[in-house]
$ cat entry.cif   # mmCIF, C-alpha atoms
data_upload
#
loop_
_atom_site.label_atom_id
_atom_site.label_comp_id
_atom_site.auth_asym_id
_atom_site.auth_seq_id
_atom_site.Cartn_x
_atom_site.Cartn_y
_atom_site.Cartn_z
CA MET A 295 57.64 19.95 141.35
CA ILE A 296 57.45 17.27 144.05
CA PHE A 297 54.27 18.87 145.44
CA LYS A 298 52.74 18.82 141.94
CA ILE A 299 53.50 15.10 141.59
CA LEU A 300 51.95 14.44 145.01
CA GLU A 301 48.83 16.32 143.89
CA ILE A 302 48.56 13.98 140.89
CA ILE A 303 49.37 10.74 142.69
CA PHE A 304 47.47 11.34 145.94
CA PRO A 305 43.87 11.04 144.61
CA VAL A 306 44.77 7.85 142.72
CA LEU A 307 46.56 6.34 145.70
CA ILE A 308 44.00 7.24 148.35
CA ILE A 309 41.01 5.83 146.43
CA ALA A 310 42.86 2.60 145.54
CA LEU A 311 44.01 2.21 149.14
CA LEU A 312 40.46 2.74 150.35
CA GLY A 313 39.35 -0.16 148.14
CA TYR A 314 42.29 -2.27 149.32
CA PHE A 315 41.70 -1.82 153.04
CA TYR A 316 37.93 -2.12 152.69
CA ALA A 317 38.41 -5.47 150.93
CA LYS A 318 40.76 -6.58 153.70
CA LYS A 319 38.13 -5.73 156.32
CA GLU A 320 34.97 -6.84 154.55
CA LYS A 321 34.27 -9.75 152.25
CA VAL A 322 33.30 -7.81 149.15
CA SER A 323 32.70 -8.74 145.52
CA MET A 324 33.18 -6.10 142.84
CA GLU A 325 31.84 -8.30 140.05
CA ILE A 326 28.52 -6.47 139.66
CA PRO A 327 29.92 -2.91 140.19
CA ASN A 328 32.71 -3.69 137.70
CA LYS A 329 30.21 -4.96 135.14
CA ILE A 330 28.08 -1.82 135.56
CA ASN A 331 31.19 0.32 135.23
CA LEU A 332 32.36 -1.45 132.07
CA ASP A 333 28.87 -1.50 130.54
CA VAL A 334 27.66 1.98 131.53
CA PHE A 335 29.98 4.48 133.22
CA ILE A 336 33.24 3.88 131.30
CA PRO A 337 31.50 3.86 127.87
CA ILE A 338 29.76 7.14 128.78
CA LEU A 339 33.12 8.61 129.85
CA ILE A 340 34.72 7.50 126.58
CA PHE A 341 31.86 8.81 124.45
CA TYR A 342 31.77 12.14 126.30
CA ALA A 343 35.55 12.62 126.21
CA ILE A 344 35.92 11.81 122.50
CA SER A 345 32.81 13.65 121.28
CA GLU A 346 33.07 16.73 123.50
CA LYS A 347 36.66 17.10 124.75
CA LEU A 348 38.83 15.87 121.88
CA PRO A 349 39.66 18.81 119.56
CA SER A 350 39.97 16.63 116.43
CA ILE A 351 40.12 12.93 115.61
CA THR A 352 42.55 13.53 112.74
CA THR A 353 45.47 13.41 115.20
CA LEU A 354 44.50 9.97 116.50
CA THR A 355 45.72 7.77 113.62
CA SER A 356 49.47 8.05 114.14
CA PHE A 357 48.94 8.35 117.89
CA SER A 358 47.10 5.03 117.96
CA PHE A 359 49.93 3.46 115.96
CA GLY A 360 52.23 4.60 118.75
CA ALA A 361 50.20 2.48 121.18
CA VAL A 362 50.43 -0.49 118.78
CA ILE A 363 54.23 -0.12 118.77
CA VAL A 364 54.32 0.01 122.59
CA VAL A 365 52.08 -3.06 123.01
CA LEU A 366 53.51 -5.33 120.31
CA GLY A 367 57.06 -4.01 120.61
CA SER A 368 57.15 -4.81 124.33
CA GLY A 369 56.28 -8.42 123.55
CA LEU A 370 58.89 -8.68 120.81
CA ILE A 371 61.83 -7.27 122.74
CA LEU A 372 61.00 -9.25 125.88
CA TYR A 373 60.49 -12.60 124.13
CA PRO A 374 64.22 -13.52 124.46
CA PHE A 375 63.93 -12.94 128.23
CA THR A 376 61.41 -15.78 128.47
CA LYS A 377 64.13 -18.18 127.29
CA PHE A 378 66.65 -16.75 129.74
CA LEU A 379 64.15 -16.81 132.63
CA LYS A 380 62.81 -20.23 131.56
CA VAL A 381 59.19 -19.10 131.70
CA ASN A 382 56.37 -19.83 129.29
CA PRO A 383 55.95 -16.86 126.90
CA ARG A 384 52.18 -17.38 127.07
CA THR A 385 52.39 -16.81 130.81
CA PHE A 386 54.84 -13.91 130.90
CA LEU A 387 54.42 -11.80 127.76
CA PRO A 388 50.71 -10.82 127.96
CA SER A 389 51.36 -9.14 131.32
CA MET A 390 54.25 -7.22 129.76
CA MET A 391 52.23 -6.13 126.73
CA PHE A 392 48.81 -5.27 128.17
CA ASN A 393 48.96 -2.68 130.90
CA ASN A 394 46.77 -0.88 133.40
CA SER A 395 45.99 2.01 131.05
CA ILE A 396 42.29 2.10 131.96
CA ASN A 397 42.47 1.50 135.72
CA LEU A 398 45.51 3.68 136.33
CA GLY A 399 46.43 5.51 133.13
CA LEU A 400 43.16 7.38 132.58
CA PRO A 401 43.05 8.88 136.09
CA LEU A 402 46.72 9.87 135.89
CA ALA A 403 46.27 11.46 132.45
CA LEU A 404 43.30 13.42 133.77
CA PHE A 405 44.95 14.62 136.99
CA ALA A 406 48.31 15.37 135.35
CA PHE A 407 47.30 16.90 132.01
CA GLY A 408 43.54 17.62 132.01
CA GLU A 409 40.42 16.50 130.14
CA GLU A 410 41.81 16.90 126.61
CA ALA A 411 44.76 14.70 127.56
CA MET A 412 42.42 12.10 129.00
CA ALA A 413 40.50 12.06 125.71
CA LEU A 414 43.78 11.49 123.83
CA PHE A 415 44.83 8.81 126.30
CA ILE A 416 41.61 6.94 125.55
CA ALA A 417 42.95 6.39 122.00
CA LEU A 418 45.92 4.55 123.51
CA SER A 419 43.72 2.59 125.91
CA ILE A 420 41.39 1.44 123.13
CA VAL A 421 44.36 -0.16 121.33
CA GLN A 422 45.24 -1.93 124.56
CA ILE A 423 41.63 -3.08 125.13
CA ILE A 424 41.31 -4.47 121.58
CA GLY A 425 44.60 -6.30 121.99
CA GLN A 426 43.57 -7.63 125.39
CA PHE A 427 40.42 -9.22 123.99
CA THR A 428 42.02 -10.56 120.81
CA ILE A 429 45.79 -11.12 120.94
CA ALA A 430 45.93 -11.81 124.70
CA ILE A 431 43.10 -14.34 124.53
CA VAL A 432 44.93 -16.20 121.74
CA MET A 433 48.18 -16.10 123.74
CA TYR A 434 46.41 -17.58 126.74
CA GLY A 435 44.97 -20.32 124.53
CA GLY A 436 41.41 -19.05 124.15
CA GLU A 437 39.25 -18.54 121.08
CA VAL A 438 38.50 -15.08 119.70
CA LYS A 439 35.10 -14.16 118.31
CA LEU A 440 35.28 -10.78 116.60
CA ILE A 441 31.52 -10.30 116.87
CA ASN A 442 31.95 -10.16 120.65
CA LEU A 443 34.45 -7.33 120.26
CA PHE A 444 31.90 -5.20 118.43
CA LYS A 445 29.32 -5.97 121.10
CA ASN A 446 31.65 -4.49 123.71
CA PRO A 447 30.10 -1.25 125.09
CA VAL A 448 33.55 0.39 125.24
CA ILE A 449 34.11 -0.22 121.51
CA ILE A 450 30.57 0.93 120.67
CA ALA A 451 31.07 4.12 122.70
CA THR A 452 34.39 4.76 120.93
CA ILE A 453 32.85 4.40 117.47
CA LEU A 454 29.92 6.67 118.40
CA GLY A 455 32.27 9.24 119.94
CA LEU A 456 34.44 9.32 116.82
CA PHE A 457 31.33 9.65 114.63
CA PHE A 458 29.99 12.59 116.66
CA ASN A 459 33.40 14.27 116.75
CA TYR A 460 34.06 13.90 113.03
CA PHE A 461 30.68 15.29 111.96
CA ASN A 462 30.65 17.86 114.78
CA PHE A 463 27.42 16.47 116.19
CA HIS A 464 26.41 17.28 119.75
CA LEU A 465 23.71 15.88 121.97
CA PRO A 466 21.11 18.40 123.23
CA GLN A 467 22.41 20.61 126.03
CA ILE A 468 19.86 19.16 128.45
CA THR A 469 21.63 15.78 128.21
CA GLN A 470 25.14 17.15 128.72
CA GLU A 471 24.95 17.48 132.52
CA PRO A 472 23.65 13.93 133.20
CA LEU A 473 26.29 12.53 130.80
CA LEU A 474 29.00 14.46 132.63
CA MET A 475 27.75 13.27 136.03
CA LEU A 476 27.61 9.64 134.90
CA SER A 477 31.08 9.84 133.34
CA GLN A 478 32.49 11.14 136.63
CA VAL A 479 31.41 7.95 138.40
CA SER A 480 33.77 5.78 136.36
CA ILE A 481 37.25 6.86 137.49
CA PRO A 482 36.69 6.68 141.29
CA LEU A 483 35.00 3.30 140.83
CA ILE A 484 37.88 2.08 138.63
CA LEU A 485 40.43 3.01 141.30
CA PHE A 486 38.39 1.57 144.18
CA SER A 487 37.98 -1.69 142.23
CA LEU A 488 41.72 -1.79 141.53
CA GLY A 489 42.41 -1.65 145.26
CA VAL A 490 39.85 -4.38 145.96
CA ARG A 491 41.34 -6.64 143.32
CA LEU A 492 44.91 -6.15 144.54
CA ALA A 493 43.79 -7.14 148.05
CA SER A 494 42.86 -10.60 146.79
CA ILE A 495 46.06 -11.33 144.83
CA LYS A 496 48.59 -13.56 146.59
CA PHE A 497 52.35 -13.12 146.28
CA SER A 498 53.49 -16.66 145.55
CA HIS A 499 56.20 -16.02 142.94
CA ILE A 500 58.18 -13.04 144.24
CA LYS A 501 61.19 -13.35 141.89
CA ILE A 502 59.28 -13.42 138.60
CA GLY A 503 56.97 -10.75 140.00
CA ILE A 504 59.86 -8.35 140.65
CA ILE A 505 61.41 -9.07 137.24
CA GLY A 506 58.09 -8.43 135.52
CA ALA A 507 57.51 -5.28 137.58
CA ILE A 508 60.78 -3.87 136.24
CA LEU A 509 60.64 -5.12 132.65
CA CYS A 510 57.02 -4.11 131.95
CA PRO A 511 57.44 -0.31 132.33
CA LEU A 512 61.02 -0.41 131.04
CA SER A 513 60.04 -2.11 127.76
CA GLY A 514 56.96 0.12 127.43
CA ILE A 515 58.96 3.33 127.86
CA LEU A 516 61.63 2.14 125.39
CA MET A 517 58.96 1.38 122.79
CA ALA A 518 57.29 4.74 123.48
CA PHE A 519 60.55 6.54 122.67
CA PHE A 520 60.87 4.42 119.53
CA ALA A 521 57.37 5.48 118.42
CA ILE A 522 58.18 9.13 119.23
CA TRP A 523 61.28 8.82 117.03
CA ILE A 524 59.13 7.54 114.14
CA PHE A 525 56.15 9.90 114.39
CA ASP A 526 55.92 13.68 114.65
CA TYR A 527 54.02 13.97 117.93
CA THR A 528 53.15 17.06 119.91
CA SER A 529 54.76 17.44 123.34
CA LEU A 530 51.49 16.44 125.02
CA GLN A 531 51.25 13.30 122.87
CA LYS A 532 54.86 12.42 123.67
CA SER A 533 54.20 12.75 127.40
CA LEU A 534 51.03 10.66 127.22
CA LEU A 535 52.70 7.90 125.19
CA ILE A 536 55.58 7.69 127.68
CA LEU A 537 53.06 7.60 130.54
CA PHE A 538 51.19 4.84 128.69
CA GLY A 539 54.41 2.86 128.32
CA ALA A 540 55.17 3.23 132.03
CA MET A 541 51.93 1.62 133.19
CA PRO A 542 52.15 -1.63 135.22
CA PRO A 543 50.55 -4.92 134.08
CA ALA A 544 46.76 -4.90 133.79
CA VAL A 545 44.85 -6.60 136.59
CA VAL A 546 42.73 -8.42 133.99
CA ASN A 547 45.80 -10.48 133.03
CA SER A 548 45.49 -12.47 136.24
CA LEU A 549 41.81 -13.12 135.53
CA MET A 550 42.55 -14.32 131.99
CA ALA A 551 45.42 -16.55 133.11
CA GLU A 552 43.11 -18.14 135.67
CA LYS A 553 40.32 -18.56 133.13
CA TYR A 554 42.51 -20.25 130.51
CA GLY A 555 44.75 -22.17 132.93
CA TYR A 556 48.11 -20.52 132.28
CA ASP A 557 50.01 -20.40 135.59
CA SER A 558 47.65 -17.88 137.14
CA SER A 559 49.65 -17.68 140.39
CA SER A 560 52.76 -16.39 138.55
CA VAL A 561 50.70 -13.90 136.55
CA ALA A 562 48.92 -12.73 139.70
CA SER A 563 52.29 -12.06 141.37
CA ILE A 564 53.54 -10.15 138.31
CA VAL A 565 50.39 -8.02 138.35
CA ALA A 566 50.41 -7.36 142.09
CA ILE A 567 54.11 -6.56 142.42
CA GLY A 568 54.04 -4.56 139.18
CA ASN A 569 51.27 -2.32 140.49
CA ILE A 570 53.09 -1.86 143.82
CA PHE A 571 56.32 -0.96 142.01
CA SER A 572 54.38 1.60 139.98
CA LEU A 573 54.20 3.70 143.17
CA ILE A 574 57.93 4.25 142.65
CA ILE A 575 58.12 4.26 138.85
CA ILE A 576 55.20 6.55 138.01
CA PRO A 577 56.32 9.49 140.22
CA ILE A 578 59.77 9.29 138.61
CA VAL A 579 58.20 9.31 135.12
CA LEU A 580 55.88 12.20 136.03
CA PHE A 581 58.85 14.17 137.39
CA TYR A 582 60.31 14.24 133.85
CA LEU A 583 57.00 14.78 132.08
CA ILE A 584 55.42 17.72 133.92
#

$ encode --input "entry.cif" --output "structure tokens"
Amino acid sequence: MIFKILEIIFPVLIIALLGYFYAKKEKVSMEIPNKINLDVFIPILIFYAISEKLPSITTLTSFSFGAVIVVLGSGLILYPFTKFLKVNPRTFLPSMMFNNSINLGLPLALFAFGEEAMALFIALSIVQIIGQFTIAIVMYGGEVKLINLFKNPVIIATILGLFFNYFNFHLPQITQEPLLMLSQVSIPLILFSLGVRLASIKFSHIKIGIIGAILCPLSGILMAFFAIWIFDYTSLQKSLLILFGAMPPAVVNSLMAEKYGYDSSSVASIVAIGNIFSLIIIPIVLFYLI
């Protein structure tokens, strides 16, 4: 069992560490590679996984609601802690609600449960992405323009993938291999970028960072079990929802906090320490899931 967990964790860890140490050695900017990944490779992965690897989209409705419960529920149950900790909810709660499901969750779902599981996990990640660019922006004090959401390549790829899956459409066979090759670029680049980003985050608020690192996966897992209690999920869906709930805070939270001026140093510490703590939390979660 331990060897199996190492097999799952090792590729994720080694690629992220490669990005981390490379960024420590060289002055590197991932802005352009990240934009290409978000605009091209990740949308192709999402389209390919949903249209070709997902058995049926009919199972996604209640499963997506499970993600909604995890995201919003985490914010609700942790709101009282902001009073106790004397921190601004706009600073603390977005990092607890919006997790690293794309950067970390997708690779783990793939390595632990296979391509079909990764396609299902995308349904959870899409809920998180929509919330990140709507609810989180409002929480940080920004203005939401829904038209921008529907211009997002990830959302467009999701809609197209669902359309192809529902009507059982398939692209010509000659296009399948290039699509597969392009989709395979996304996950290594995601992990490498995660390592690069973590190398630039400074640990200036250790206490709140440690508290957030514990409360984020704890609240997510509790809400995942609550959703499992409500809905009749398959064992694979249960495992994926718990894994989703166990993810650390999303790296993009630190970028948003900096952009909108909400104590970015505290958020950066929560994100950095949360992702480091995930090296302990995720193997424990996987031990009970596989």

$ closest_residue --input "entry.cif" --among "A:Leu516, A:Met412, A:Ala417, A:Ala343" --to "Leu372 of chain A" --atoms "all atoms listed in the file"
A:Leu516

$ residues_around --input "entry.cif" --residues "Ser395 of chain A" --least-positions-apart "3" --cutoff "6 Å" --atoms "all atoms listed in the file" --output "JSON, numbers by chain"
{"A": [398, 399, 419]}

$ atom_distance --input "entry.cif" --atom1 "atom CA of Phe525 of chain A" --atom2 "atom CA of Ile575 of chain A"
25.2 Å

$ resolve_selection --input "entry.cif" --expression "the PyMOL selection byres ((chain A and resi 518) around 10)" --output "list of chain:residue names"
A:Gly360, A:Ala361, A:Val362, A:Ile363, A:Val364, A:Val365, A:Gly367, A:Ser368, A:Leu512, A:Ser513, A:Gly514, A:Ile515, A:Leu516, A:Met517, A:Phe519, A:Phe520, A:Ala521, A:Ile522, A:Trp523, A:Ile524, A:Lys532, A:Ser533, A:Leu534, A:Leu535, A:Ile536, A:Leu537, A:Phe538, A:Gly539, A:Ala540

$ resolve_selection --input "entry.cif" --expression "the PyMOL selection byres ((chain A and resi 332) around 12)" --output "mmCIF file with C-alpha atoms, in the frame of the given file"
data_model
loop_
_atom_site.group_PDB
_atom_site.id
_atom_site.type_symbol
_atom_site.label_atom_id
_atom_site.label_comp_id
_atom_site.auth_asym_id
_atom_site.auth_seq_id
_atom_site.Cartn_x
_atom_site.Cartn_y
_atom_site.Cartn_z
ATOM 1 C CA MET A 324 33.180 -6.100 142.840
ATOM 2 C CA GLU A 325 31.840 -8.300 140.050
ATOM 3 C CA ILE A 326 28.520 -6.470 139.660
ATOM 4 C CA PRO A 327 29.920 -2.910 140.190
ATOM 5 C CA ASN A 328 32.710 -3.690 137.700
ATOM 6 C CA LYS A 329 30.210 -4.960 135.140
ATOM 7 C CA ILE A 330 28.080 -1.820 135.560
ATOM 8 C CA ASN A 331 31.190 0.320 135.230
ATOM 9 C CA ASP A 333 28.870 -1.500 130.540
ATOM 10 C CA VAL A 334 27.660 1.980 131.530
ATOM 11 C CA PHE A 335 29.980 4.480 133.220
ATOM 12 C CA ILE A 336 33.240 3.880 131.300
ATOM 13 C CA PRO A 337 31.500 3.860 127.870
ATOM 14 C CA ILE A 338 29.760 7.140 128.780
ATOM 15 C CA LEU A 339 33.120 8.610 129.850
ATOM 16 C CA ILE A 340 34.720 7.500 126.580
ATOM 17 C CA ILE A 396 42.290 2.100 131.960
ATOM 18 C CA ASN A 397 42.470 1.500 135.720
ATOM 19 C CA ILE A 423 41.630 -3.080 125.130
ATOM 20 C CA ASN A 446 31.650 -4.490 123.710
ATOM 21 C CA PRO A 447 30.100 -1.250 125.090
ATOM 22 C CA VAL A 448 33.550 0.390 125.240
ATOM 23 C CA ILE A 449 34.110 -0.220 121.510
ATOM 24 C CA ILE A 450 30.570 0.930 120.670
ATOM 25 C CA ALA A 451 31.070 4.120 122.700
ATOM 26 C CA SER A 477 31.080 9.840 133.340
ATOM 27 C CA VAL A 479 31.410 7.950 138.400
ATOM 28 C CA SER A 480 33.770 5.780 136.360
ATOM 29 C CA ILE A 481 37.250 6.860 137.490
ATOM 30 C CA LEU A 483 35.000 3.300 140.830
ATOM 31 C CA ILE A 484 37.880 2.080 138.630
ATOM 32 C CA SER A 487 37.980 -1.690 142.230
#

$ resolve_selection --input "entry.cif" --expression "the PyMOL selection byres ((chain A and resi 436-439) around 12)" --output "list in words"
Arg384, Ile424, Gly425, Gln426, Phe427, Thr428, Ile429, Ala430, Ile431, Val432, Met433, Tyr434, Gly435, Leu440, Ile441, Asn442, Leu443, Phe444, Lys445, Asn446, Met550, Ala551, Glu552, Lys553, Tyr554, Gly555 and Tyr556 of chain A

$ write_last_selection --input "entry.cif" --atoms "C-alpha atoms" --output "PDB file, in the frame of the given file"
ATOM      1  CA  ARG A 384      52.180 -17.380 127.070  1.00  0.00           C
ATOM      2  CA  ILE A 424      41.310  -4.470 121.580  1.00  0.00           C
ATOM      3  CA  GLY A 425      44.600  -6.300 121.990  1.00  0.00           C
ATOM      4  CA  GLN A 426      43.570  -7.630 125.390  1.00  0.00           C
ATOM      5  CA  PHE A 427      40.420  -9.220 123.990  1.00  0.00           C
ATOM      6  CA  THR A 428      42.020 -10.560 120.810  1.00  0.00           C
ATOM      7  CA  ILE A 429      45.790 -11.120 120.940  1.00  0.00           C
ATOM      8  CA  ALA A 430      45.930 -11.810 124.700  1.00  0.00           C
ATOM      9  CA  ILE A 431      43.100 -14.340 124.530  1.00  0.00           C
ATOM     10  CA  VAL A 432      44.930 -16.200 121.740  1.00  0.00           C
ATOM     11  CA  MET A 433      48.180 -16.100 123.740  1.00  0.00           C
ATOM     12  CA  TYR A 434      46.410 -17.580 126.740  1.00  0.00           C
ATOM     13  CA  GLY A 435      44.970 -20.320 124.530  1.00  0.00           C
ATOM     14  CA  LEU A 440      35.280 -10.780 116.600  1.00  0.00           C
ATOM     15  CA  ILE A 441      31.520 -10.300 116.870  1.00  0.00           C
ATOM     16  CA  ASN A 442      31.950 -10.160 120.650  1.00  0.00           C
ATOM     17  CA  LEU A 443      34.450  -7.330 120.260  1.00  0.00           C
ATOM     18  CA  PHE A 444      31.900  -5.200 118.430  1.00  0.00           C
ATOM     19  CA  LYS A 445      29.320  -5.970 121.100  1.00  0.00           C
ATOM     20  CA  ASN A 446      31.650  -4.490 123.710  1.00  0.00           C
ATOM     21  CA  MET A 550      42.550 -14.320 131.990  1.00  0.00           C
ATOM     22  CA  ALA A 551      45.420 -16.550 133.110  1.00  0.00           C
ATOM     23  CA  GLU A 552      43.110 -18.140 135.670  1.00  0.00           C
ATOM     24  CA  LYS A 553      40.320 -18.560 133.130  1.00  0.00           C
ATOM     25  CA  TYR A 554      42.510 -20.250 130.510  1.00  0.00           C
ATOM     26  CA  GLY A 555      44.750 -22.170 132.930  1.00  0.00           C
ATOM     27  CA  TYR A 556      48.110 -20.520 132.280  1.00  0.00           C
TER      28      TYR A 556
END

$ residues_around --input "entry.cif" --residues "Ile495 of chain A" --least-positions-apart "2" --cutoff "8 Å" --atoms "only C-alpha atoms" --output "VMD selection string"
chain A and resid 491 to 493 497 562 to 563 566

$ atom_distance --input "entry.cif" --atom1 "atom CA of Ser356 of chain A" --atom2 "atom CA of Leu530 of chain A"
13.9 Å

$ residues_around --input "entry.cif" --residues "Tyr373 of chain A" --least-positions-apart "3" --cutoff "12 Å" --atoms "all atoms listed in the file" --output "PyMOL selection string"
chain A and resi 366-370+376-388+390-391+509+513

$ write_last_selection --input "entry.cif" --atoms "C-alpha atoms" --output "PDB file, in the frame of the given file"
ATOM      1  CA  LEU A 366      53.510  -5.330 120.310  1.00  0.00           C
ATOM      2  CA  GLY A 367      57.060  -4.010 120.610  1.00  0.00           C
ATOM      3  CA  SER A 368      57.150  -4.810 124.330  1.00  0.00           C
ATOM      4  CA  GLY A 369      56.280  -8.420 123.550  1.00  0.00           C
ATOM      5  CA  LEU A 370      58.890  -8.680 120.810  1.00  0.00           C
ATOM      6  CA  THR A 376      61.410 -15.780 128.470  1.00  0.00           C
ATOM      7  CA  LYS A 377      64.130 -18.180 127.290  1.00  0.00           C
ATOM      8  CA  PHE A 378      66.650 -16.750 129.740  1.00  0.00           C
ATOM      9  CA  LEU A 379      64.150 -16.810 132.630  1.00  0.00           C
ATOM     10  CA  LYS A 380      62.810 -20.230 131.560  1.00  0.00           C
ATOM     11  CA  VAL A 381      59.190 -19.100 131.700  1.00  0.00           C
ATOM     12  CA  ASN A 382      56.370 -19.830 129.290  1.00  0.00           C
ATOM     13  CA  PRO A 383      55.950 -16.860 126.900  1.00  0.00           C
ATOM     14  CA  ARG A 384      52.180 -17.380 127.070  1.00  0.00           C
ATOM     15  CA  THR A 385      52.390 -16.810 130.810  1.00  0.00           C
ATOM     16  CA  PHE A 386      54.840 -13.910 130.900  1.00  0.00           C
ATOM     17  CA  LEU A 387      54.420 -11.800 127.760  1.00  0.00           C
ATOM     18  CA  PRO A 388      50.710 -10.820 127.960  1.00  0.00           C
ATOM     19  CA  MET A 390      54.250  -7.220 129.760  1.00  0.00           C
ATOM     20  CA  MET A 391      52.230  -6.130 126.730  1.00  0.00           C
ATOM     21  CA  LEU A 509      60.640  -5.120 132.650  1.00  0.00           C
ATOM     22  CA  SER A 513      60.040  -2.110 127.760  1.00  0.00           C
TER      23      SER A 513
END
